[in-house]
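Structure file data.txt (compact mmCIF, C-alpha atoms (C1' of nucleotides)) follows.
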# COMPACT_ATOMS: atom_id res chain seq x y z
CA MET A 175 -19.85 86.47 -37.99
CA PHE A 176 -22.84 84.67 -36.63
CA LYS A 177 -26.45 85.03 -37.67
CA ILE A 178 -29.39 83.15 -36.16
CA ASN A 179 -31.83 82.09 -38.85
CA LYS A 180 -34.50 80.37 -36.78
CA LYS A 181 -35.25 79.78 -33.13
CA ASP A 182 -37.27 76.87 -31.84
CA GLU A 183 -40.31 78.18 -29.98
CA LYS A 184 -40.45 75.76 -27.06
CA THR A 185 -36.73 75.25 -26.36
CA LYS A 186 -33.67 77.45 -26.60
CA ALA A 187 -32.43 75.61 -29.67
CA ARG A 188 -31.61 77.68 -32.71
CA THR A 189 -30.14 77.28 -36.15
CA GLY A 190 -27.96 79.83 -37.87
CA THR A 191 -24.90 80.55 -39.96
CA LEU A 192 -21.35 81.13 -38.86
CA SER A 193 -19.41 82.90 -41.60
CA THR A 194 -15.68 82.40 -41.86
CA THR A 195 -12.94 83.27 -44.32
CA HIS A 196 -13.21 79.72 -45.65
CA GLY A 197 -16.93 79.41 -46.02
CA LYS A 198 -20.12 79.36 -44.06
CA ILE A 199 -20.99 76.80 -41.42
CA THR A 200 -24.59 75.97 -40.64
CA THR A 201 -25.30 75.69 -36.92
CA PRO A 202 -25.75 73.75 -34.84
CA PHE A 203 -22.83 71.62 -35.94
CA TYR A 204 -20.41 69.01 -34.69
CA MET A 205 -16.82 69.06 -35.91
CA PRO A 206 -14.33 66.24 -35.78
CA VAL A 207 -10.94 66.54 -34.13
CA VAL A 208 -7.92 66.63 -36.42
CA THR A 209 -5.25 67.15 -33.80
CA LYS A 210 -1.98 66.89 -35.66
CA GLY A 211 -3.02 67.51 -39.24
CA ALA A 212 -5.00 64.35 -39.87
CA GLY A 213 -8.14 62.74 -38.62
CA LYS A 214 -7.49 59.35 -37.13
CA TYR A 215 -8.51 56.69 -39.64
CA VAL A 216 -10.31 59.24 -41.81
CA THR A 217 -9.06 61.32 -44.74
CA PHE A 218 -9.94 64.92 -45.56
CA LYS A 219 -11.58 63.63 -48.70
CA ASP A 220 -13.96 61.57 -46.58
CA LEU A 221 -14.65 64.46 -44.22
CA ASP A 222 -15.53 66.53 -47.27
CA LYS A 223 -17.79 63.81 -48.66
CA LEU A 224 -19.50 63.56 -45.29
CA ASP A 225 -20.33 67.28 -45.65
CA TYR A 226 -18.16 68.44 -42.78
CA GLU A 227 -17.70 72.18 -43.13
CA CYS A 228 -14.93 72.46 -40.55
CA PHE A 229 -12.80 70.60 -38.03
CA ILE A 230 -10.54 71.53 -35.14
CA SER A 231 -6.77 71.15 -34.91
CA ASN A 232 -4.39 71.70 -32.03
CA ALA A 233 -2.34 74.89 -32.31
CA TYR A 234 0.23 73.81 -29.75
CA LEU A 235 0.96 70.50 -31.45
CA LEU A 236 1.12 72.11 -34.90
CA TYR A 237 3.51 74.68 -33.48
CA LEU A 238 5.82 71.83 -32.44
CA LYS A 239 5.36 69.83 -35.66
CA PRO A 240 5.50 70.65 -38.50
CA GLY A 241 6.38 74.00 -36.89
CA LEU A 242 5.67 77.57 -37.88
CA GLU A 243 8.43 77.77 -40.51
CA THR A 244 6.83 75.04 -42.57
CA LEU A 245 3.42 76.65 -42.24
CA LYS A 246 4.84 80.01 -43.32
CA GLU A 247 6.42 78.42 -46.39
CA THR A 248 3.06 77.03 -47.46
CA LYS A 249 1.32 80.30 -46.61
CA GLY A 250 -0.72 78.66 -43.91
CA TYR A 251 -2.11 75.41 -42.67
CA HIS A 252 -4.99 75.25 -45.16
CA ASN A 253 -2.58 74.96 -48.06
CA PHE A 254 -0.24 72.61 -46.24
CA ILE A 255 -2.96 70.04 -45.74
CA ASN A 256 -5.06 71.10 -48.75
CA TRP A 257 -8.35 71.75 -47.01
CA GLN A 258 -10.16 74.83 -48.19
CA LYS A 259 -13.09 74.84 -45.77
CA ALA A 260 -13.04 76.29 -42.27
CA ILE A 261 -10.62 75.27 -39.53
CA PHE A 262 -10.74 75.88 -35.79
CA THR A 263 -7.58 75.76 -33.72
CA ASP A 264 -7.58 74.82 -30.10
CA SER A 265 -5.09 76.38 -27.75
CA GLY A 266 -3.49 73.43 -26.09
CA GLY A 267 -5.38 74.33 -22.94
CA PHE A 268 -6.87 70.87 -22.84
CA GLN A 269 -3.37 69.42 -22.56
CA LEU A 270 -3.17 71.06 -19.13
CA LEU A 271 -5.05 68.00 -17.90
CA ASP A 272 -2.26 65.72 -19.04
CA PRO A 273 0.63 65.65 -16.59
CA THR A 274 3.01 64.42 -19.27
CA PHE A 275 2.44 67.68 -21.18
CA LEU A 276 2.16 70.22 -18.42
CA LEU A 277 5.34 71.36 -16.73
CA SER A 278 4.14 74.44 -14.88
CA ILE A 279 1.61 77.22 -15.08
CA ASN A 280 1.54 80.75 -13.73
CA ASP A 281 -0.05 84.08 -14.59
CA LYS A 282 2.41 84.63 -17.43
CA GLY A 283 1.51 81.45 -19.27
CA VAL A 284 2.09 77.75 -19.49
CA SER A 285 5.24 75.66 -19.74
CA PHE A 286 4.64 72.58 -21.83
CA ARG A 287 6.79 69.57 -22.50
CA SER A 288 6.99 68.53 -26.12
CA PRO A 289 5.61 65.01 -26.50
CA PHE A 290 7.97 64.57 -29.44
CA ASN A 291 11.33 65.18 -27.81
CA GLY A 292 10.73 66.40 -24.26
CA ASP A 293 11.79 70.00 -25.02
CA LYS A 294 10.29 72.69 -22.82
CA HIS A 295 8.13 75.35 -24.47
CA PHE A 296 6.63 78.43 -22.86
CA ILE A 297 3.29 79.56 -24.25
CA SER A 298 1.82 82.91 -23.23
CA PRO A 299 -1.58 84.17 -24.38
CA GLU A 300 0.22 86.53 -26.77
CA LYS A 301 2.45 83.77 -28.09
CA LEU A 302 -0.58 81.59 -28.72
CA MET A 303 -2.25 84.32 -30.78
CA GLU A 304 0.90 84.60 -32.85
CA ILE A 305 0.97 80.84 -33.39
CA GLN A 306 -2.66 80.70 -34.45
CA ASN A 307 -2.13 83.69 -36.72
CA THR A 308 0.66 81.87 -38.51
CA ILE A 309 -1.41 78.71 -38.77
CA GLY A 310 -4.11 80.87 -40.32
CA SER A 311 -7.06 79.07 -38.80
CA ASP A 312 -10.50 80.59 -39.36
CA ILE A 313 -11.42 80.44 -35.71
CA ALA A 314 -8.80 80.80 -32.99
CA MET A 315 -9.37 79.95 -29.37
CA VAL A 316 -7.98 81.85 -26.40
CA LEU A 317 -5.63 80.26 -23.93
CA ASP A 318 -7.58 79.09 -20.90
CA HIS A 319 -6.75 77.41 -17.62
CA LEU A 320 -8.57 74.11 -17.47
CA LEU A 321 -8.74 72.16 -14.20
CA GLY A 322 -9.88 68.65 -13.45
CA PRO A 323 -13.15 68.15 -11.55
CA ASN A 324 -11.42 67.07 -8.36
CA GLU A 325 -9.51 70.31 -7.78
CA THR A 326 -10.49 72.53 -4.86
CA TYR A 327 -12.85 75.47 -5.09
CA GLN A 328 -9.96 77.83 -4.40
CA ALA A 329 -7.98 76.34 -7.28
CA HIS A 330 -10.98 76.91 -9.53
CA VAL A 331 -11.22 80.52 -8.39
CA GLU A 332 -7.61 81.09 -9.41
CA ALA A 333 -7.98 79.24 -12.71
CA THR A 334 -11.14 81.19 -13.52
CA ASN A 335 -9.51 84.54 -12.81
CA ARG A 336 -6.49 83.54 -14.84
CA THR A 337 -8.73 82.43 -17.72
CA ILE A 338 -10.43 85.85 -17.71
CA ASP A 339 -7.11 87.67 -17.59
CA TRP A 340 -5.68 85.58 -20.41
CA ALA A 341 -8.85 86.09 -22.45
CA LYS A 342 -8.32 89.86 -22.32
CA ARG A 343 -4.68 89.50 -23.27
CA CYS A 344 -5.57 87.23 -26.17
CA TYR A 345 -8.20 89.67 -27.35
CA ASP A 346 -5.81 92.62 -27.13
CA SER A 347 -3.03 90.88 -29.03
CA HIS A 348 -5.26 89.38 -31.71
CA LYS A 349 -4.75 91.41 -34.89
CA ASN A 350 -5.80 89.05 -37.69
CA LYS A 351 -9.05 90.43 -39.06
CA LYS A 352 -9.60 87.36 -41.21
CA GLN A 353 -9.61 85.17 -38.14
CA LEU A 354 -12.44 84.92 -35.64
CA LEU A 355 -11.54 84.64 -31.96
CA PHE A 356 -13.59 82.79 -29.36
CA GLY A 357 -13.35 83.28 -25.62
CA ILE A 358 -13.70 80.36 -23.22
CA VAL A 359 -15.73 80.14 -20.02
CA GLN A 360 -14.28 78.12 -17.16
CA GLY A 361 -15.36 77.75 -13.53
CA GLY A 362 -15.71 74.03 -12.98
CA THR A 363 -19.21 73.09 -11.92
CA TYR A 364 -19.61 76.04 -9.54
CA LYS A 365 -22.54 78.33 -10.23
CA ASP A 366 -20.90 81.48 -8.97
CA LEU A 367 -17.69 80.89 -10.94
CA ARG A 368 -19.50 79.94 -14.15
CA ASN A 369 -21.79 82.97 -13.89
CA PHE A 370 -18.90 85.28 -13.11
CA CYS A 371 -16.62 83.94 -15.81
CA ALA A 372 -19.34 83.86 -18.46
CA LYS A 373 -20.31 87.46 -17.67
CA LYS A 374 -16.70 88.62 -18.01
CA ILE A 375 -16.03 86.67 -21.20
CA ASN A 376 -19.34 87.78 -22.66
CA LYS A 377 -18.37 91.40 -22.09
CA ILE A 378 -15.23 91.10 -24.21
CA ASN A 379 -16.12 91.48 -27.85
CA PHE A 380 -15.30 87.95 -28.94
CA ASP A 381 -16.75 86.47 -32.12
CA GLY A 382 -18.07 83.56 -30.13
CA VAL A 383 -18.08 82.15 -26.64
CA ALA A 384 -16.99 78.65 -25.74
CA ILE A 385 -17.84 76.68 -22.64
CA GLY A 386 -14.84 74.65 -21.58
CA GLY A 387 -13.77 72.40 -18.78
CA LEU A 388 -16.63 69.94 -19.05
CA ALA A 389 -17.03 66.24 -19.85
CA ILE A 390 -13.79 65.55 -18.03
CA GLY A 391 -15.06 63.32 -15.25
CA GLU A 392 -17.77 65.33 -13.51
CA SER A 393 -21.27 63.87 -13.31
CA LYS A 394 -23.69 64.40 -16.19
CA GLU A 395 -25.97 66.31 -13.89
CA ASN A 396 -23.17 68.71 -12.92
CA MET A 397 -22.15 69.09 -16.53
CA TYR A 398 -25.63 70.12 -17.63
CA MET A 399 -25.90 72.55 -14.75
CA ALA A 400 -22.53 74.07 -15.57
CA ILE A 401 -23.70 74.56 -19.16
CA ASP A 402 -26.82 76.32 -17.90
CA TYR A 403 -24.84 78.51 -15.48
CA SER A 404 -22.57 79.55 -18.34
CA LEU A 405 -25.30 80.18 -20.89
CA GLU A 406 -27.24 82.37 -18.45
CA GLU A 407 -24.65 85.08 -18.89
CA ILE A 408 -23.91 84.77 -22.60
CA ASP A 409 -25.72 86.99 -25.09
CA GLU A 410 -28.22 85.10 -27.16
CA ASN A 411 -26.88 86.46 -30.43
CA LYS A 412 -23.39 85.09 -29.83
CA VAL A 413 -22.43 81.71 -31.17
CA ARG A 414 -21.93 79.23 -28.33
CA TYR A 415 -19.40 76.43 -28.52
CA LEU A 416 -19.45 73.56 -26.03
CA MET A 417 -15.90 72.27 -26.10
CA GLY A 418 -15.08 68.60 -26.04
CA VAL A 419 -18.65 67.34 -25.86
CA GLY A 420 -19.81 64.95 -28.52
CA SER A 421 -21.83 61.97 -27.35
CA PRO A 422 -25.09 61.86 -29.30
CA GLU A 423 -27.27 62.32 -26.23
CA ASP A 424 -25.17 65.21 -24.88
CA VAL A 425 -25.32 66.93 -28.26
CA VAL A 426 -29.08 66.59 -28.53
CA ILE A 427 -29.62 67.82 -24.98
CA SER A 428 -27.17 70.71 -25.35
CA ILE A 429 -28.65 71.93 -28.62
CA GLY A 430 -31.89 72.25 -26.70
CA LYS A 431 -30.09 74.51 -24.23
CA GLY A 432 -28.88 76.79 -27.01
CA ILE A 433 -25.47 75.39 -27.92
CA ASP A 434 -24.45 75.90 -31.55
CA CYS A 435 -21.14 74.17 -31.87
CA PHE A 436 -19.45 71.00 -30.66
CA ASP A 437 -16.19 69.19 -31.12
CA SER A 438 -15.25 65.84 -29.69
CA ILE A 439 -13.11 62.81 -30.19
CA PHE A 440 -15.96 60.72 -28.86
CA PRO A 441 -17.53 59.51 -32.14
CA THR A 442 -14.17 58.60 -33.67
CA LYS A 443 -12.70 57.08 -30.54
CA MET A 444 -15.82 54.98 -30.05
CA ALA A 445 -15.50 53.81 -33.64
CA ARG A 446 -11.92 52.69 -33.08
CA HIS A 447 -13.10 50.79 -30.02
CA GLY A 448 -15.85 49.04 -31.94
CA VAL A 449 -18.81 51.07 -30.69
CA VAL A 450 -21.24 52.03 -33.45
CA PHE A 451 -23.79 54.82 -33.10
CA THR A 452 -27.37 54.22 -34.19
CA MET A 453 -30.61 56.04 -33.49
CA ASN A 454 -31.49 53.20 -31.13
CA GLY A 455 -28.31 53.60 -29.14
CA PRO A 456 -24.70 52.48 -29.41
CA LEU A 457 -23.90 48.88 -30.21
CA LYS A 458 -20.71 46.97 -29.51
CA LEU A 459 -19.88 45.47 -32.84
CA GLY A 460 -17.25 43.13 -31.44
CA LYS A 461 -19.84 40.99 -29.66
CA GLN A 462 -20.34 37.44 -30.91
CA LYS A 463 -24.03 38.15 -31.50
CA TYR A 464 -23.11 40.11 -34.64
CA ARG A 465 -21.03 37.34 -36.17
CA ASP A 466 -23.70 36.17 -38.58
CA VAL A 467 -25.82 39.28 -38.93
CA HIS A 468 -25.75 40.05 -42.62
CA VAL A 469 -27.49 43.43 -42.54
CA PRO A 470 -26.07 46.98 -42.41
CA LEU A 471 -25.06 48.65 -39.15
CA GLU A 472 -28.21 50.73 -39.18
CA LYS A 473 -31.34 50.43 -41.23
CA GLY A 474 -31.98 53.63 -43.10
CA CYS A 475 -28.41 54.94 -42.85
CA ASP A 476 -27.18 56.06 -46.24
CA CYS A 477 -23.50 56.22 -45.41
CA TYR A 478 -20.94 54.47 -47.58
CA VAL A 479 -20.40 51.77 -44.96
CA CYS A 480 -24.06 50.92 -44.48
CA LYS A 481 -24.65 50.91 -48.21
CA ASN A 482 -21.85 48.44 -48.84
CA HIS A 483 -21.15 46.28 -45.80
CA SER A 484 -22.86 44.10 -43.23
CA LYS A 485 -22.52 43.92 -39.49
CA ALA A 486 -21.04 40.44 -39.90
CA TYR A 487 -18.29 41.67 -42.21
CA LEU A 488 -17.45 44.67 -40.04
CA HIS A 489 -17.56 42.44 -36.94
CA HIS A 490 -15.06 40.16 -38.67
CA LEU A 491 -12.74 43.04 -39.60
CA PHE A 492 -12.88 44.34 -36.05
CA ARG A 493 -12.15 40.94 -34.52
CA VAL A 494 -9.15 40.30 -36.72
CA LYS A 495 -7.96 43.84 -36.07
CA GLU A 496 -7.90 44.94 -39.67
CA PRO A 497 -7.30 48.71 -39.83
CA ASN A 498 -10.20 48.96 -42.25
CA ALA A 499 -12.53 48.18 -39.35
CA LYS A 500 -11.49 51.42 -37.68
CA ILE A 501 -11.71 53.32 -40.95
CA LEU A 502 -15.19 52.10 -41.79
CA LEU A 503 -16.64 52.46 -38.30
CA THR A 504 -15.18 55.97 -38.09
CA ILE A 505 -16.93 56.88 -41.33
CA HIS A 506 -20.22 55.52 -40.07
CA ASN A 507 -20.06 57.34 -36.74
CA LEU A 508 -19.10 60.61 -38.43
CA ALA A 509 -21.97 60.12 -40.88
CA PHE A 510 -24.28 59.41 -37.95
CA MET A 511 -23.33 62.67 -36.25
CA GLN A 512 -24.08 64.58 -39.44
CA ARG A 513 -27.41 62.84 -39.88
CA LEU A 514 -28.33 63.50 -36.24
CA ILE A 515 -27.48 67.18 -36.36
CA LYS A 516 -29.05 67.72 -39.74
CA LYS A 517 -32.24 66.25 -38.30
CA ALA A 518 -31.92 68.54 -35.28
CA ARG A 519 -31.75 71.59 -37.57
CA GLU A 520 -34.83 70.51 -39.44
CA GLU A 521 -36.74 70.04 -36.21
CA ILE A 522 -35.71 73.52 -35.05
CA ILE A 523 -37.03 74.98 -38.28
CA ASN A 524 -40.28 73.06 -37.73
CA ASN A 525 -40.57 74.24 -34.11
CA ASN A 526 -40.50 70.63 -33.12
CA TYR A 527 -37.20 70.36 -31.27
CA GLU A 528 -38.59 69.39 -27.91
CA SER A 529 -40.47 66.35 -29.09
CA PHE A 530 -37.56 65.39 -31.33
CA LYS A 531 -35.22 65.54 -28.33
CA ASP A 532 -37.59 63.58 -26.11
CA SER A 533 -38.18 60.87 -28.63
CA PHE A 534 -34.48 60.60 -29.47
CA LEU A 535 -33.54 60.21 -25.81
CA GLU A 536 -36.26 57.65 -25.31
CA ASN A 537 -35.07 55.54 -28.24
CA TYR A 538 -31.35 55.99 -27.66
CA LYS A 539 -30.84 53.10 -25.27
CA PRO A 540 -27.56 53.02 -23.32
CA LEU A 541 -26.55 49.58 -24.54
CA ASP A 542 -27.46 47.40 -27.48
C1' G B 35 12.28 0.59 -35.51
C1' U B 36 16.47 3.26 -32.59
C1' C B 37 18.35 7.60 -30.07
C1' U B 38 17.60 12.39 -28.03
C1' G B 39 14.51 16.39 -26.53
C1' G B 40 9.74 18.27 -25.26
C1' A B 41 4.62 17.96 -22.99
C1' U B 42 2.06 24.05 -18.01
C1' A B 43 -5.24 28.22 -19.70
C1' G B 44 -7.93 28.03 -26.67
C1' U B 45 -2.68 29.76 -28.42
C1' G B 46 2.59 31.07 -27.18
C1' U B 47 5.42 30.77 -22.89
C1' A B 48 7.94 31.53 -17.32
C1' G B 49 8.62 28.52 -13.41
C1' U B 50 15.62 23.45 -10.11
C1' G B 51 11.03 20.21 -3.96
C1' G B 52 7.13 24.55 -0.17
C1' U B 53 4.42 30.18 -5.43
C1' U B 54 -2.85 32.17 -4.11
C1' A B 55 1.51 28.37 -10.69
C1' G B 56 3.64 34.22 -13.35
C1' C B 57 3.41 36.72 -18.31
C1' A B 58 1.41 37.71 -23.28
C1' U B 59 -2.56 36.66 -26.12
C1' C B 60 -7.62 34.89 -25.92
C1' U B 61 -12.81 34.92 -24.01
C1' A B 62 -16.59 37.83 -21.26
C1' A B 63 -18.38 42.40 -18.99
C1' G B 64 -17.61 47.58 -18.20
C1' A B 65 -15.21 52.33 -19.33
C1' C B 66 -13.84 56.16 -22.91
C1' U B 67 -16.41 63.36 -24.56
C1' G B 68 -11.18 70.84 -26.70
C1' U B 69 -7.11 62.50 -29.07
C1' G B 70 0.01 60.07 -26.59
C1' G B 71 -3.45 55.94 -33.02
C1' A B 72 -2.54 49.68 -30.78
C1' U B 73 -6.19 52.57 -24.27
C1' C B 74 -7.81 51.26 -19.26
C1' U B 75 -10.55 48.26 -15.36
C1' U B 76 -12.57 43.73 -13.71
C1' A B 77 -13.63 38.62 -14.39
C1' G B 78 -12.74 33.58 -16.72
C1' G B 79 -9.61 29.65 -18.05
C1' G B 80 -3.92 25.49 -17.05
C1' C B 81 0.59 21.78 -14.71
C1' C B 82 -0.57 14.91 -20.75
C1' U B 83 -1.68 10.09 -18.11
C1' G B 84 -0.73 6.13 -14.37
C1' G B 85 2.42 4.70 -10.50
C1' G B 86 6.58 5.83 -7.08
C1' U B 87 10.01 8.84 -3.68
C1' U B 88 8.93 12.78 0.04
C1' C B 89 6.02 15.91 5.60
C1' A B 90 5.57 18.36 0.73
C1' A B 91 6.03 17.10 -6.68
C1' A B 92 4.54 21.38 -12.40
C1' U B 93 9.49 20.35 -10.46
C1' C B 94 12.88 14.08 -8.74
C1' C B 95 12.32 8.48 -10.48
C1' C B 96 9.67 4.55 -13.61
C1' G B 97 5.84 3.05 -17.30
C1' G B 98 2.32 4.76 -20.96
C1' U B 99 0.48 8.33 -24.59
C1' C B 100 1.37 12.34 -27.82
C1' U B 101 4.94 15.30 -30.31
C1' A B 102 9.71 17.38 -32.62
C1' G B 103 14.40 16.34 -34.67
C1' A B 104 18.29 12.97 -36.03
C1' C B 105 19.58 8.09 -37.50
C1' C B 106 18.15 3.12 -39.54

So that I can check it, write out the structure of this file as structure tokens.
Amino acid sequence: MFKINKKDEKTKARTGTLSTTHGKITTPFYMPVVTKGAGKYVTFKDLDKLDYECFISNAYLLYLKPGLETLKETKGYHNFINWQKAIFTDSGGFQLLDPTFLLSINDKGVSFRSPFNGDKHFISPEKLMEIQNTIGSDIAMVLDHLLGPNETYQAHVEATNRTIDWAKRCYDSHKNKKQLLFGIVQGGTYKDLRNFCAKKINKINFDGVAIGGLAIGESKENMYMAIDYSLEEIDENKVRYLMGVGSPEDVVISIGKGIDCFDSIFPTKMARHGVVFTMNGPLKLGKQKYRDVHVPLEKGCDCYVCKNHSKAYLHHLFRVKEPNAKILLTIHNLAFMQRLIKKAREEIINNNYESFKDSFLENYKPLD
RNA sequence: GUCUGGAUAGUGUAGUGGUUAGCAUCUAAGACUGUGGAUCUUAGGGCCUGGGUUCAAAUCCCGGUCUAGACC
């Protein structure tokens, strides 16, 4: 259940608490992506030490491997991986964008190809609820029909209607009282479709409402508008989850619009590619200019990496392709996201979110 | 010292007379947002040296230099 504790007076930002079977999560929050039962280049122990209260895994991929039998034997995914805080599970809807996964889609559900052995699997909304029930995640997501930004308006109309229909079917077949269920708003970047879909999803008694189908190639301007169109029709007291978005500037802007929850591969993927987040903007650690810079990645950062290592050392590890480079940069970026969002919560409590947002965006330069 | 082989981007290599000299890596710039872990895009950079043959040489011939191995 979701409870708002404080609203910022000038913006729509708010801070609250999302209660789950495995603990409470303070909003707004960002969660890392743990697709197949592990974060890339980061352990659960480190996620715990970085104060992450939840992450998101992929129900479809867990269904394929290790499979539901294994998860039943361990009485759920939490025990299998030994993580006792909250877990979200994503539907696999995002994989609809990947032609190597998607075989076909119709009103009944989705046919996926297994990336492990090529086997065909049919997933209906009801089947997905069963899968997520067996996984035992704290927050399940409905099956949605996600389209790329270049599809036609008519295709978006069909996908939106299908998403609404599937949302109802997911809601009706969801029986696990210990598990929250979030609906998902689609509709591309079209105002009428976003409004319509959000209104319909909002009407179903979901525990939270997600905004999906964004940050997949559309312009920033269109993305922000689509967020606004969606939020217009979502009750204020519902927790709002912006799926897939996780660049620092998008998070700061979206919190100001009233988003409570984010997930994204962006911070960890950037880390693996040598891009380090700082309050002054991202820096490309692989550049020669950092070769002899014997200071931490970011002044004032209290993460393990900044307390122990210099830019020069991390630059060296990255250049010689030592896996530790990816591990350490991942830790820093995940610590950065926590620091950023923690700061955002404080500013909301102080009714100072607008000036915080403005000054962050002014200082967060696109390139180092 | 003798014999044989080899010399093509920074590195490793493909290339039997006509190629914009290919590939990998590298360097530089950009990209990346509900994860196919090592990704993608663009750019940069080379025929050891001197002669000769030929319309045309990285390619064939001769000398030099460097280098690898074998033998004295």

- If we count only C-alpha atoms (C1' of nucleotides), which residues of chain B reach to within 9 Å of chain A? Please list them as a PyMOL selection string. chain B and resi 66-71

- Message: Here is a test: counting only C-alpha atoms, which residue of A:Val469, A:Ile501, A:Val359, A:Leu271 is nearest to A:Asp318?
- Response: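 Going through A:Val469, A:Ile501, A:Val359, A:Leu271 one by one, the smallest distance to A:Asp318 is for A:Val359.
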
- Which is closest to B:A104 among B:C60, B:C81, B:C37, B:A90, if we use all atoms listed in the file?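 The shortest atom-to-atom distance to B:A104 comes from B:C37.
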
- Task: Point out the residue among B:C100, B:C94, B:A48, B:A65 with the least atom-to-atom distance to B:C82, counting all atoms listed in the file.
- Result: B:C100

- Message: Neighbouring residues of stretch 245-250 of chain A were defined as those with any atom within 6 Å, considering all atoms listed in the file; residues of the same chain fewer than 4 positions away were excluded. Please report them as a list in words.
- Response: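 Skipping anything fewer than 4 positions along the chain leaves Phe254, Ile309 and Gly310 of chain A.
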
- Task: Excluding B:G103 and residues on its chain fewer than 6 positions from it, collect all residues at most 12 Å away from it, counting all atoms listed in the file, and give them as a list of chain:residue names.
- Result: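 Once the adjacent positions are removed, what remains is B:C37, B:U38, B:G39, B:G40.
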
- Task: Quick one: pull the distance between atom CA of A:Glu183 and atom CA of A:Glu410, Å, one decimal.
- Result: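 Taking atom CA of A:Glu183 as the start and atom CA of A:Glu410 as the end point, the length is 14.2 Å.
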
- Item | Selection: 7 Å around B:U93, only C-alpha atoms (C1' of nucleotides), excl. self and same-chain fewer than 2 positions, as a list of chain:residue names |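 The residues satisfying every condition are B:U50, B:G51, B:A91.
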
- Task: Provide the atom CA of A:Glu332 to atom CA of A:Val284 distance in Å, to one decimal place.
- Result: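 Separation of atom CA of A:Glu332 and atom CA of A:Val284: 14.4 Å.
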
- Note on the structure: For A:Phe534, the closest of A:Asn454, A:Thr195, A:Asn335, A:Asn379 counting only C-alpha atoms is A:Asn454

Residue neighbourhood B:U83, 12 Å, all atoms listed in the file, exclusion window fewer than 5 positions, as an mmCIF file with C-alpha atoms (C1' of nucleotides), keeping the file's coordinate frame:
data_model
loop_
_atom_site.group_PDB
_atom_site.id
_atom_site.type_symbol
_atom_site.label_atom_id
_atom_site.label_comp_id
_atom_site.auth_asym_id
_atom_site.auth_seq_id
_atom_site.Cartn_x
_atom_site.Cartn_y
_atom_site.Cartn_z
ATOM 1 C "C1'" A B 41 4.620 17.960 -22.990
ATOM 2 C "C1'" G B 97 5.840 3.050 -17.300
ATOM 3 C "C1'" G B 98 2.320 4.760 -20.960
ATOM 4 C "C1'" U B 99 0.480 8.330 -24.590
ATOM 5 C "C1'" C B 100 1.370 12.340 -27.820
#

- Message: Ranking A:Pro240, A:Gly361, A:Pro470, A:Pro273 by minimum distance to A:Leu320 and counting only C-alpha atoms, which one comes first?
- Response: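 The closest residue to A:Leu320 is A:Gly361.
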
- Message: I'd like the contact shell of A:Glu300 - 7 Å cut-off, all atoms listed in the file, skipping same-chain residues fewer than 4 positions apart - returned as a ChimeraX atom specification.
- Response: /A:304,343-344,347

- Task: Give me, please, the distance in Å between atom CA of A:Lys394 and atom CA of A:Pro323, quoted to one decimal.
- Result: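 Computing it gives 12.1 Å between the two atoms.
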
Kindly output stretch 191-201 of chain A as a compact mmCIF listing (two decimals), in the coordinates of the input, after building N, CA and C atoms.
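Wrote it out as result_25.txt, contents follow:
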# COMPACT_ATOMS: atom_id res chain seq x y z
N THR A 191 -26.04 80.65 -39.05
CA THR A 191 -24.90 80.55 -39.96
C THR A 191 -23.70 81.25 -39.35
N LEU A 192 -22.60 80.54 -39.31
CA LEU A 192 -21.35 81.13 -38.86
C LEU A 192 -20.49 81.34 -40.10
N SER A 193 -20.18 82.59 -40.38
CA SER A 193 -19.41 82.90 -41.60
C SER A 193 -17.93 83.02 -41.27
N THR A 194 -17.13 82.36 -42.06
CA THR A 194 -15.68 82.40 -41.86
C THR A 194 -15.01 82.75 -43.18
N THR A 195 -13.71 82.97 -43.11
CA THR A 195 -12.94 83.27 -44.32
C THR A 195 -13.00 82.10 -45.31
N HIS A 196 -13.14 80.90 -44.79
CA HIS A 196 -13.21 79.72 -45.65
C HIS A 196 -14.60 79.11 -45.65
N GLY A 197 -15.59 79.94 -45.81
CA GLY A 197 -16.93 79.41 -46.02
C GLY A 197 -17.85 79.53 -44.82
N LYS A 198 -19.09 79.26 -45.09
CA LYS A 198 -20.12 79.36 -44.06
C LYS A 198 -20.37 77.99 -43.43
N ILE A 199 -20.70 78.03 -42.15
CA ILE A 199 -20.99 76.80 -41.42
C ILE A 199 -22.40 76.94 -40.87
N THR A 200 -23.23 75.95 -41.16
CA THR A 200 -24.59 75.97 -40.64
C THR A 200 -24.59 75.43 -39.22
N THR A 201 -25.22 76.14 -38.31
CA THR A 201 -25.30 75.69 -36.92
C THR A 201 -26.70 75.14 -36.65
